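Text of the file protein-v5.cif, holding mmCIF, C-alpha atoms:
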```
data_target
#
loop_
_atom_site.label_atom_id
_atom_site.label_comp_id
_atom_site.auth_asym_id
_atom_site.auth_seq_id
_atom_site.Cartn_x
_atom_site.Cartn_y
_atom_site.Cartn_z
CA MET A 2 -18.29 8.22 -24.05
CA ASN A 3 -18.65 6.35 -20.79
CA GLY A 4 -14.97 5.46 -20.90
CA LEU A 5 -13.98 9.07 -21.49
CA ILE A 6 -15.99 10.28 -18.48
CA ILE A 7 -14.34 7.65 -16.30
CA GLN A 8 -10.85 8.64 -17.47
CA LEU A 9 -11.58 12.35 -16.88
CA ALA A 10 -12.85 11.53 -13.39
CA TYR A 11 -9.58 9.68 -12.74
CA VAL A 12 -7.66 12.80 -13.82
CA ALA A 13 -9.72 14.87 -11.38
CA SER A 14 -9.14 12.43 -8.53
CA ALA A 15 -5.39 12.34 -9.23
CA ALA A 16 -5.37 16.15 -9.02
CA LEU A 17 -7.23 15.98 -5.69
CA PHE A 18 -4.70 13.46 -4.32
CA ILE A 19 -1.82 15.72 -5.33
CA MET A 20 -3.40 18.82 -3.76
CA GLY A 21 -4.30 16.79 -0.69
CA LEU A 22 -0.73 15.60 -0.18
CA LYS A 23 0.55 19.13 -0.71
CA LEU A 24 -1.81 20.56 1.94
CA LEU A 25 -0.95 17.71 4.35
CA GLY A 26 2.56 19.12 4.43
CA SER A 27 1.61 22.19 6.45
CA ALA A 28 0.01 22.25 9.90
CA ALA A 29 -2.56 24.92 9.09
CA THR A 30 -4.00 23.14 6.06
CA ALA A 31 -3.35 19.48 6.89
CA ARG A 32 -6.91 18.56 7.85
CA LYS A 33 -8.31 20.16 4.73
CA GLY A 34 -5.72 18.28 2.70
CA ASN A 35 -6.86 14.97 4.14
CA THR A 36 -10.48 15.78 3.30
CA LEU A 37 -9.54 16.76 -0.27
CA SER A 38 -7.70 13.50 -0.72
CA ALA A 39 -10.73 11.58 0.63
CA VAL A 40 -12.95 13.38 -1.90
CA GLY A 41 -10.48 12.32 -4.61
CA MET A 42 -10.88 8.71 -3.48
CA LEU A 43 -14.67 9.02 -3.59
CA VAL A 44 -14.53 10.42 -7.14
CA ALA A 45 -12.30 7.52 -8.25
CA ILE A 46 -14.60 4.91 -6.65
CA VAL A 47 -17.75 6.41 -8.20
CA ALA A 48 -16.00 6.51 -11.59
CA ALA A 49 -15.03 2.83 -11.21
CA LEU A 50 -18.64 1.95 -10.35
CA ILE A 51 -20.12 3.43 -13.54
CA ASP A 52 -17.85 1.30 -15.73
CA GLN A 53 -19.96 -0.68 -18.21
CA GLY A 54 -17.87 -3.79 -17.59
CA ILE A 55 -19.58 -4.12 -14.21
CA VAL A 56 -22.73 -6.21 -14.43
CA SER A 57 -23.19 -7.27 -10.83
CA TYR A 58 -22.98 -4.91 -7.86
CA GLN A 59 -23.84 -7.42 -5.18
CA TRP A 60 -20.31 -8.37 -4.10
CA ILE A 61 -18.96 -4.86 -4.53
CA ILE A 62 -21.58 -3.49 -2.14
CA ILE A 63 -21.02 -6.28 0.36
CA GLY A 64 -17.24 -5.77 0.17
CA VAL A 65 -17.40 -1.99 0.60
CA LEU A 66 -19.89 -2.22 3.48
CA VAL A 67 -18.00 -4.92 5.37
CA GLY A 68 -14.58 -3.32 4.81
CA GLY A 69 -15.81 0.22 5.41
CA LEU A 70 -17.53 -0.76 8.64
CA ILE A 71 -14.48 -2.59 9.98
CA GLY A 72 -12.22 0.33 9.03
CA ALA A 73 -14.53 2.95 10.55
CA VAL A 74 -14.99 1.07 13.83
CA ALA A 75 -11.26 0.35 14.14
CA ALA A 76 -10.36 3.99 13.42
CA ARG A 77 -12.92 5.23 15.98
CA LEU A 78 -11.99 2.86 18.79
CA VAL A 79 -8.20 2.94 18.54
CA GLN A 80 -6.33 4.65 21.37
CA MET A 81 -4.39 7.78 20.38
CA THR A 82 -1.16 6.11 21.46
CA SER A 83 -1.81 3.02 19.34
CA MET A 84 -2.31 4.91 16.10
CA PRO A 85 1.02 4.04 14.44
CA GLU A 86 0.36 0.30 14.70
CA MET A 87 -3.19 0.84 13.46
CA VAL A 88 -1.78 2.58 10.39
CA ALA A 89 0.52 -0.43 9.93
CA LEU A 90 -2.44 -2.78 10.08
CA PHE A 91 -4.50 -0.76 7.56
CA ASN A 92 -1.47 -0.61 5.33
CA GLY A 93 -1.11 -4.39 5.50
CA PHE A 94 -4.71 -4.85 4.34
CA GLY A 95 -4.05 -2.52 1.40
CA GLY A 96 -1.03 -4.62 0.47
CA LEU A 97 -3.07 -7.83 0.66
CA ALA A 98 -5.74 -6.25 -1.55
CA SER A 99 -3.10 -5.50 -4.20
CA LEU A 100 -1.86 -9.07 -3.93
CA LEU A 101 -5.40 -10.37 -4.58
CA VAL A 102 -5.93 -7.99 -7.53
CA GLY A 103 -2.66 -9.19 -9.07
CA TRP A 104 -3.67 -12.81 -8.49
CA ALA A 105 -7.11 -12.29 -10.06
CA ALA A 106 -5.53 -10.61 -13.09
CA LEU A 107 -3.66 -13.77 -14.06
CA SER A 108 -5.15 -15.60 -17.00
CA GLY A 109 -3.74 -18.33 -19.22
CA ASP A 110 -3.06 -16.00 -22.15
CA ALA A 111 -1.30 -13.26 -20.17
CA SER A 112 1.67 -11.66 -21.94
CA THR A 113 5.12 -11.75 -20.37
CA PHE A 114 4.84 -8.07 -19.45
CA THR A 115 1.52 -8.68 -17.70
CA VAL A 116 2.95 -11.67 -15.85
CA ILE A 117 5.88 -9.54 -14.65
CA THR A 118 3.52 -6.85 -13.34
CA ILE A 119 1.35 -9.53 -11.69
CA VAL A 120 4.40 -11.04 -9.97
CA LEU A 121 5.47 -7.56 -8.82
CA SER A 122 2.06 -6.72 -7.37
CA VAL A 123 1.85 -10.13 -5.64
CA LEU A 124 5.43 -9.87 -4.36
CA ILE A 125 5.26 -6.27 -3.08
CA GLY A 126 1.70 -6.72 -1.81
CA GLY A 127 2.63 -9.92 0.02
CA VAL A 128 5.73 -8.40 1.61
CA THR A 129 3.66 -5.36 2.65
CA PHE A 130 0.99 -7.57 4.20
CA THR A 131 3.10 -9.86 6.40
CA GLY A 132 5.69 -7.14 7.02
CA SER A 133 2.96 -4.81 8.32
CA LEU A 134 1.50 -7.57 10.50
CA ILE A 135 4.90 -8.13 12.10
CA ALA A 136 5.35 -4.36 12.53
CA TYR A 137 1.91 -4.22 14.16
CA GLY A 138 2.82 -7.10 16.46
CA LYS A 139 6.08 -5.47 17.48
CA LEU A 140 4.57 -2.05 18.16
CA SER A 141 1.57 -3.37 20.06
CA GLU A 142 3.96 -5.70 21.91
CA THR A 143 1.99 -8.83 21.17
CA LEU A 144 5.29 -9.94 19.67
CA GLY A 145 8.57 -9.14 21.38
CA SER A 146 9.71 -5.71 20.22
CA GLY A 147 13.37 -6.73 19.92
CA ALA A 148 15.19 -7.78 16.79
CA ILE A 149 14.92 -11.49 16.05
CA MET A 150 17.92 -13.16 14.50
CA PHE A 151 19.15 -16.64 13.96
CA ARG A 152 22.14 -18.35 12.44
CA GLY A 153 22.02 -18.56 8.65
CA GLN A 154 19.34 -15.88 8.32
CA GLN A 155 21.04 -14.32 5.32
CA VAL A 156 21.28 -17.71 3.62
CA VAL A 157 17.56 -18.31 4.18
CA ASN A 158 16.72 -14.85 2.82
CA SER A 159 18.89 -15.39 -0.26
CA LEU A 160 17.18 -18.73 -0.90
CA ILE A 161 13.74 -17.07 -0.64
CA VAL A 162 14.75 -14.37 -3.14
CA LEU A 163 16.15 -16.98 -5.54
CA GLY A 164 12.97 -19.01 -5.12
CA ILE A 165 10.79 -15.99 -5.96
CA ILE A 166 12.86 -15.21 -9.06
CA GLY A 167 12.79 -18.85 -10.15
CA ALA A 168 9.03 -19.17 -9.68
CA ALA A 169 8.48 -15.85 -11.50
CA VAL A 170 10.51 -17.02 -14.50
CA MET A 171 8.63 -20.33 -14.63
CA LEU A 172 5.29 -18.50 -14.41
CA SER A 173 6.15 -16.12 -17.25
CA MET A 174 7.04 -19.11 -19.44
CA ASP A 175 3.77 -20.90 -18.67
CA PRO A 176 1.06 -18.58 -17.23
CA THR A 177 -1.46 -21.45 -17.18
CA ASN A 178 0.49 -23.27 -14.47
CA THR A 179 -0.85 -21.57 -11.33
CA THR A 180 1.40 -23.66 -9.07
CA TRP A 181 4.17 -21.15 -9.75
CA LEU A 182 1.88 -18.28 -8.82
CA TYR A 183 1.09 -19.95 -5.50
CA ALA A 184 4.83 -20.39 -4.97
CA VAL A 185 5.37 -16.65 -5.54
CA ILE A 186 2.51 -15.81 -3.14
CA GLY A 187 3.81 -18.13 -0.40
CA LEU A 188 7.44 -17.01 -0.71
CA SER A 189 6.45 -13.31 -0.78
CA LEU A 190 4.45 -13.69 2.43
CA LEU A 191 7.40 -15.47 4.02
CA PHE A 192 9.83 -12.81 2.78
CA GLY A 193 7.77 -10.03 4.40
CA ILE A 194 8.14 -11.76 7.76
CA MET A 195 11.86 -12.35 7.27
CA ALA A 196 12.46 -8.74 6.23
CA VAL A 197 10.89 -7.19 9.32
CA ILE A 198 11.76 -9.57 12.19
CA PRO A 199 15.45 -8.52 12.35
CA ILE A 200 14.47 -4.87 12.92
CA GLY A 201 14.11 -3.54 16.46
CA GLY A 202 10.92 -1.98 17.85
CA ALA A 203 12.34 1.55 18.02
CA ASP A 204 12.91 1.58 14.28
CA MET A 205 9.35 0.46 13.54
CA PRO A 206 7.94 3.90 12.52
CA VAL A 207 10.56 4.09 9.77
CA VAL A 208 9.70 0.55 8.67
CA ILE A 209 5.99 1.37 8.59
CA SER A 210 6.72 4.39 6.43
CA LEU A 211 8.74 2.16 4.09
CA LEU A 212 5.99 -0.48 3.99
CA ASN A 213 3.52 2.30 3.22
CA SER A 214 5.64 3.22 0.25
CA TYR A 215 5.65 -0.46 -0.79
CA SER A 216 1.86 -0.68 -0.66
CA GLY A 217 1.77 2.26 -3.08
CA LEU A 218 4.16 0.46 -5.40
CA ALA A 219 2.04 -2.70 -5.11
CA ALA A 220 -1.05 -0.73 -6.17
CA CYS A 221 1.00 0.73 -9.04
CA ALA A 222 2.07 -2.74 -10.21
CA ALA A 223 -1.53 -3.96 -9.94
CA GLY A 224 -2.49 -0.96 -12.09
CA PHE A 225 -0.09 -2.13 -14.80
CA ALA A 226 -1.47 -5.68 -14.51
CA ILE A 227 -5.08 -4.61 -15.09
CA ASN A 228 -4.34 -1.52 -17.23
CA ASN A 229 -5.76 1.05 -14.87
CA ASN A 230 -4.35 4.59 -14.98
CA ILE A 231 -5.49 5.85 -11.59
CA LEU A 232 -3.88 2.88 -9.82
CA ILE A 233 -0.59 3.64 -11.57
CA VAL A 234 -0.69 7.39 -10.84
CA ALA A 235 -1.88 7.23 -7.22
CA GLY A 236 0.26 4.17 -6.48
CA SER A 237 3.47 5.72 -7.74
CA LEU A 238 2.65 8.99 -5.93
CA VAL A 239 2.39 7.10 -2.64
CA GLY A 240 5.44 5.01 -3.51
CA ALA A 241 7.63 8.03 -4.24
CA SER A 242 6.40 10.23 -1.40
CA GLY A 243 6.66 7.27 0.99
CA ILE A 244 10.30 6.62 0.09
CA ILE A 245 11.28 10.26 0.54
CA LEU A 246 9.34 10.47 3.83
CA THR A 247 11.18 7.36 5.04
CA GLN A 248 14.44 9.04 4.13
CA ILE A 249 13.50 12.20 6.05
CA MET A 250 12.46 10.17 9.12
CA CYS A 251 15.79 8.32 9.05
CA LYS A 252 17.68 11.59 8.83
CA SER A 253 15.86 13.06 11.82
CA MET A 254 16.94 9.95 13.78
CA ASN A 255 20.51 10.47 12.52
CA ARG A 256 20.56 7.14 10.73
CA SER A 257 20.68 6.00 7.18
CA LEU A 258 17.96 3.87 5.66
CA GLY A 259 20.40 1.03 5.08
CA ASN A 260 21.41 1.29 8.71
CA VAL A 261 17.80 0.78 9.86
CA LEU A 262 17.01 -2.04 7.46
CA PHE A 263 20.16 -4.02 8.08
CA SER A 264 20.81 -3.04 11.71
CA GLY A 265 19.95 -6.56 12.81
CA PHE A 266 22.28 -8.19 10.33
CA GLY A 267 25.13 -5.80 11.08
CA SER A 268 25.13 -6.38 14.82
CA GLY A 269 25.88 -10.06 14.38
CA VAL A 270 24.10 -13.19 15.50
CA THR A 271 25.83 -13.33 18.89
CA GLU A 272 23.91 -10.30 20.15
CA ALA A 273 20.55 -11.82 19.39
CA THR A 274 18.44 -13.09 22.22
CA MET B 391 2.37 1.81 -26.99
CA THR B 392 0.20 1.85 -23.86
CA ILE B 393 3.17 0.53 -21.92
CA VAL B 394 5.30 3.50 -22.98
CA PHE B 395 2.49 5.91 -22.13
CA LEU B 396 1.91 4.35 -18.73
CA THR B 397 5.62 4.39 -17.97
CA PHE B 398 5.63 8.14 -18.72
CA ILE B 399 2.85 8.60 -16.17
CA LEU B 400 4.82 6.54 -13.66
CA MET B 401 7.96 8.63 -14.15
CA LEU B 402 6.12 11.94 -13.79
CA SER B 403 4.25 10.93 -10.63
CA VAL B 404 7.48 9.68 -9.06
CA PHE B 405 9.06 13.11 -9.52
CA LEU B 406 5.91 14.79 -8.26
CA GLY B 407 5.89 12.58 -5.16
CA PHE B 408 9.45 13.60 -4.36
CA GLU B 409 8.64 17.29 -4.81
CA LEU B 410 5.50 17.19 -2.64
CA ILE B 411 7.13 15.74 0.45
CA ASN B 412 10.18 18.00 0.70
CA LYS B 413 10.42 20.29 3.76
CA VAL B 414 7.56 18.86 5.78
CA PRO B 415 7.85 19.60 9.54
CA ALA B 416 8.66 16.54 11.68
CA THR B 417 5.41 16.71 13.67
CA LEU B 418 3.48 16.09 10.47
CA HIS B 419 5.40 12.96 9.46
CA THR B 420 2.98 10.49 11.06
CA PRO B 421 -0.24 12.09 9.74
CA LEU B 422 1.37 12.43 6.32
CA MET B 423 2.33 8.76 6.34
CA SER B 424 -1.18 7.84 7.40
CA GLY B 425 -2.76 10.07 4.76
CA ALA B 426 -0.56 8.62 2.02
CA ASN B 427 -1.44 5.16 3.31
CA ALA B 428 -5.13 5.89 2.78
CA ILE B 429 -4.37 6.86 -0.84
CA SER B 430 -2.62 3.53 -1.40
CA GLY B 431 -6.06 2.00 -0.83
CA ILE B 432 -6.75 3.17 -4.41
CA THR B 433 -6.35 -0.49 -5.28
CA VAL B 434 -10.06 -0.68 -4.33
CA VAL B 435 -10.78 0.78 -7.79
CA GLY B 436 -9.04 -2.16 -9.46
CA ALA B 437 -10.77 -4.58 -7.11
CA ILE B 438 -14.21 -3.14 -7.95
CA ALA B 439 -13.71 -3.90 -11.64
CA LEU B 440 -12.80 -7.51 -10.80
CA ALA B 441 -15.61 -8.04 -8.28
CA GLY B 442 -18.31 -6.79 -10.64
CA THR B 443 -17.86 -9.14 -13.59
CA GLY B 444 -20.71 -11.36 -12.38
CA ASP B 445 -18.73 -14.40 -13.54
CA GLN B 446 -18.88 -16.33 -10.26
CA ASP B 447 -15.30 -17.49 -10.86
CA LEU B 448 -12.16 -17.34 -8.75
CA ALA B 449 -11.23 -13.87 -10.06
CA GLN B 450 -14.55 -12.46 -8.87
CA TRP B 451 -14.18 -13.86 -5.35
CA LEU B 452 -10.62 -12.59 -5.14
CA GLY B 453 -11.89 -9.21 -6.32
CA ALA B 454 -14.66 -9.15 -3.70
CA ALA B 455 -12.18 -9.97 -0.94
CA ALA B 456 -9.85 -7.27 -2.27
CA VAL B 457 -12.72 -4.72 -2.24
CA ALA B 458 -13.33 -5.45 1.45
CA LEU B 459 -9.65 -5.31 2.41
CA ALA B 460 -8.95 -2.14 0.44
CA SER B 461 -12.09 -0.51 1.91
CA ILE B 462 -10.68 -1.12 5.40
CA ASN B 463 -7.51 0.64 4.28
CA VAL B 464 -9.35 3.58 2.69
CA VAL B 465 -12.02 4.26 5.32
CA GLY B 466 -9.80 3.45 8.29
CA GLY B 467 -6.87 5.37 6.83
CA TYR B 468 -8.75 8.62 6.25
CA LEU B 469 -10.57 8.50 9.60
CA VAL B 470 -7.41 7.79 11.60
CA THR B 471 -5.56 10.60 9.80
CA ASP B 472 -8.41 12.97 10.57
CA ARG B 473 -8.35 12.00 14.25
CA MET B 474 -4.59 12.55 14.40
CA LEU B 475 -4.89 15.98 12.80
CA ALA B 476 -7.76 16.98 15.10
CA MET B 477 -5.55 16.15 18.08
CA PHE B 478 -2.70 18.08 16.51
CA LYS B 479 -4.86 21.19 16.17
CA LYS B 480 -5.97 21.04 19.81
CA LYS B 481 -2.38 20.76 21.00
CA GLU B 482 -1.39 23.77 18.94
CA GLY B 483 -4.29 25.75 20.37
CA ALA B 484 -3.38 24.82 23.95
CA ARG B 485 0.17 26.00 23.46
CA LYS B 486 -1.02 29.43 22.39
#
```

Would you mind giving the structure from this file in C-alpha cells?
Amino acid sequence: MNGLIIQLAYVASAALFIMGLKLLGSAATARKGNTLSAVGMLVAIVAALIDQGIVSYQWIIIGVLVGGLIGAVAARLVQMTSMPEMVALFNGFGGLASLLVGWAALSGDASTFTVITIVLSVLIGGVTFTGSLIAYGKLSETLGSGAIMFRGQQVVNSLIVLGIIGAAVMLSMDPTNTTWLYAVIGLSLLFGIMAVIPIGGADMPVVISLLNSYSGLAACAAGFAINNNILIVAGSLVGASGIILTQIMCKSMNRSLGNVLFSGFGSGVTEAT
Amino acid sequence: MTIVFLTFILMLSVFLGFELINKVPATLHTPLMSGANAISGITVVGAIALAGTGDQDLAQWLGAAAVALASINVVGGYLVTDRMLAMFKKKEGARK
C-alpha cells in the first residue's frame, strides 16, 4: 500500500514537471511554470521520505538543510549578470550527486545491466561535474575564457575514452573489484575537463545547456541503477529537452552543435595561445 | 521485464521532452535551461533512499553527500530561475 502511494505520488510529480516545463515556454506563464515544477519536486521528495526502507532520517535532514541553505544563499546573493555561471555551478553539483548515487548503488552481486547503468551515471555525472566547473571558471573569468589546446589533445582524449571503456568492461566482469570503479570515476572527471577546455568563452551558454542535458541523463542512468521510476522519467525529460534547447541555441547563433563542440579542434593547434 | 517497462518510459519521456521545448522564444532560453536544471536535481530522491538505510556504511555516506549536493541544485536552481523570471517580468512592464 505504501509502495503504491509512493508510485502514484511520483506520477503526480512527473505530471507537474511536464506542465511546469510547458508553462516555462511562454513569457506570461513562465513564473507559474517554475513554481509548479518546484511543487512537483516537493511531492517527489515527500514521497521518497515516506518509503519504509528508510530507517534513519538523521543524515537526510542534515544533507537537505546544509545543501538547501547553501543553494538558497547562493541563489539570493548572486549578481544578475553572473546567473549563467551560477546555473553551471548548480548543474555541476547535480551531476556530482548522480555520480555518488551511481557509486553507492554498486554492490558485489550487481548484474551486468546494473553495472552498465552505474558506469553510465558515474561517467555522465562526472563529466557534468568537472565540465560545469570549467564552464563556471571560464564564464566568471577565474580561468581564461579562451579555448585551451595543446599538441596531441585528440590522442589524449581517445586514450581517456578507451580507458573508460576498458575499466567499464573489467568492472562488469568483476563488480567486487572497486578499483575499476575508481578508475571510471577518475577518468570521467578528467574527461569532463578535457571536453570543455577547448571551447571558447563565447560558446559557454551552449555548453552549459548541453551539460544541463547531461545531468538529466546522469539522473536517468542513476534511476536505472537503483530502479527508481521518477529519476528515469524526470531525468530523461531534462535530457531530451536540454538537447533540443541546445540545438535551438546553436541555431540562433548560426552554428551547428558539432561546430561549437569541436571548434577548438577544427581551428588547429597553431592558433592556440 | 522491468527493464523493458522502464525503457518504454524512457522512450516516451524523450519524445515528450522534444515536444515541450519546440518554439520557445529566445529570451526564455536561459530561464528554461535553469528551470530544467533544477528538475535534474531529482537525483535527490535516489540519494534520500541511500542516505536513510541507517547502515553506517560507505553507501550511506555517499548518499548523504549526494542529498546535500542535489539539494543545492534543487533549491538554488528553482530560486535562481524565479529571480530571472521576476526580472524578465519587470523588463516587459517597463517596455509597455

Near chain A, 7 Å: chain B residue rows, closest pairs, all atoms listed in the file, as CSV:
```
residue,atom,partner,partner_atom,distance
B:Ile399,CA,A:Val234,CA,6.5
B:Leu400,CA,A:Ser237,CA,6.1
B:Ser403,CA,A:Leu238,CA,5.3
B:Val404,CA,A:Ala241,CA,5.1
B:Gly407,CA,A:Ser242,CA,4.5
B:Phe408,CA,A:Ser242,CA,5.4
B:Leu410,CA,A:Lys23,CA,5.7
B:Ile411,CA,A:Ser242,CA,5.9
B:Val414,CA,A:Gly26,CA,5.2
B:Leu418,CA,A:Gly26,CA,6.8
B:Leu422,CA,A:Leu25,CA,6.1
B:Met423,CA,A:Ser210,CA,6.2
B:Ser424,CA,A:Val88,CA,6.1
B:Gly425,CA,A:Asn35,CA,6.4
B:Ala426,CA,A:Val239,CA,5.7
B:Asn427,CA,A:Asn213,CA,5.7
B:Ile429,CA,A:Ala235,CA,6.9
B:Ser430,CA,A:Gly217,CA,4.9
B:Gly431,CA,A:Gly95,CA,5.4
B:Ile432,CA,A:Leu232,CA,6.1
B:Thr433,CA,A:Ala220,CA,5.4
B:Val435,CA,A:Ile46,CA,5.7
B:Gly436,CA,A:Val102,CA,6.9
B:Ala437,CA,A:Val102,CA,5.9
B:Ile438,CA,A:Ile61,CA,6.1
B:Ala439,CA,A:Ile55,CA,6.4
B:Ala441,CA,A:Ile61,CA,5.9
B:Gly442,CA,A:Ile55,CA,4.6
B:Thr443,CA,A:Ile55,CA,5.3
B:Gly444,CA,A:Ser57,CA,5.0
B:Ala449,CA,A:Ala105,CA,4.4
B:Leu452,CA,A:Leu101,CA,5.7
B:Gly453,CA,A:Val102,CA,6.2
B:Ala454,CA,A:Trp60,CA,5.7
B:Ala455,CA,A:Gly64,CA,6.7
B:Ala456,CA,A:Ala98,CA,4.3
B:Val457,CA,A:Gly64,CA,5.2
B:Ala458,CA,A:Gly64,CA,4.1
B:Leu459,CA,A:Phe94,CA,5.3
B:Ala460,CA,A:Gly95,CA,5.0
B:Ser461,CA,A:Gly68,CA,4.7
B:Ile462,CA,A:Gly72,CA,4.2
B:Asn463,CA,A:Phe91,CA,4.7
B:Val465,CA,A:Gly72,CA,5.4
B:Gly466,CA,A:Gly72,CA,4.0
B:Gly467,CA,A:Phe91,CA,6.6
B:Tyr468,CA,A:Ala39,CA,6.7
B:Leu469,CA,A:Ala76,CA,5.9
B:Val470,CA,A:Ala76,CA,5.1
B:Asp472,CA,A:Arg32,CA,6.4
B:Leu475,CA,A:Arg32,CA,5.9
```

**OP:** For the structure shown, which residues end up in the PyMOL selection byres ((chain A and resi 142-148) around 7)? Put them as a list of chain:residue names, please?
**Re:** A:Gly138, A:Lys139, A:Leu140, A:Ser141, A:Ile149, A:Met150, A:Ile198, A:Pro199, A:Ile200, A:Gly201, A:Gly202, A:Gly265

Expanded to explicit residues, what is the PyMOL selection byres ((chain A and resi 191-197) around 8) for this file, as a short mmCIF file (atom, residue, chain, number, x, y, z; two decimals) with C-alpha atoms, in the coordinates of the input?
```cif
data_model
loop_
_atom_site.label_atom_id
_atom_site.label_comp_id
_atom_site.auth_asym_id
_atom_site.auth_seq_id
_atom_site.Cartn_x
_atom_site.Cartn_y
_atom_site.Cartn_z
CA GLY A 127 2.63 -9.92 0.02
CA VAL A 128 5.73 -8.40 1.61
CA THR A 129 3.66 -5.36 2.65
CA PHE A 130 0.99 -7.57 4.20
CA THR A 131 3.10 -9.86 6.40
CA GLY A 132 5.69 -7.14 7.02
CA ILE A 135 4.90 -8.13 12.10
CA ALA A 136 5.35 -4.36 12.53
CA ASN A 158 16.72 -14.85 2.82
CA ILE A 161 13.74 -17.07 -0.64
CA VAL A 162 14.75 -14.37 -3.14
CA GLY A 187 3.81 -18.13 -0.40
CA LEU A 188 7.44 -17.01 -0.71
CA SER A 189 6.45 -13.31 -0.78
CA LEU A 190 4.45 -13.69 2.43
CA ILE A 198 11.76 -9.57 12.19
CA PRO A 199 15.45 -8.52 12.35
CA ILE A 200 14.47 -4.87 12.92
CA VAL A 208 9.70 0.55 8.67
#
```

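For the pair CA of Ile125 in chain A and CA of Phe151 in chain A, the interatomic distance is 24.3 Å.
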
Original post:
How many Å separate CA of Met254 in chain A from CA of Met474 in chain B?
Top reply: 21.7 Å

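Atom pair CA of Met171 in chain A / CA of Gln446 in chain B has a distance of 28.1 Å (rounded to one decimal).
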
Original post:
Using only C-alpha atoms, which residue out of B:Pro421, B:Ala428, B:Val464, B:Leu396 lies closest to Ala476 in chain B?
Top reply: B:Pro421
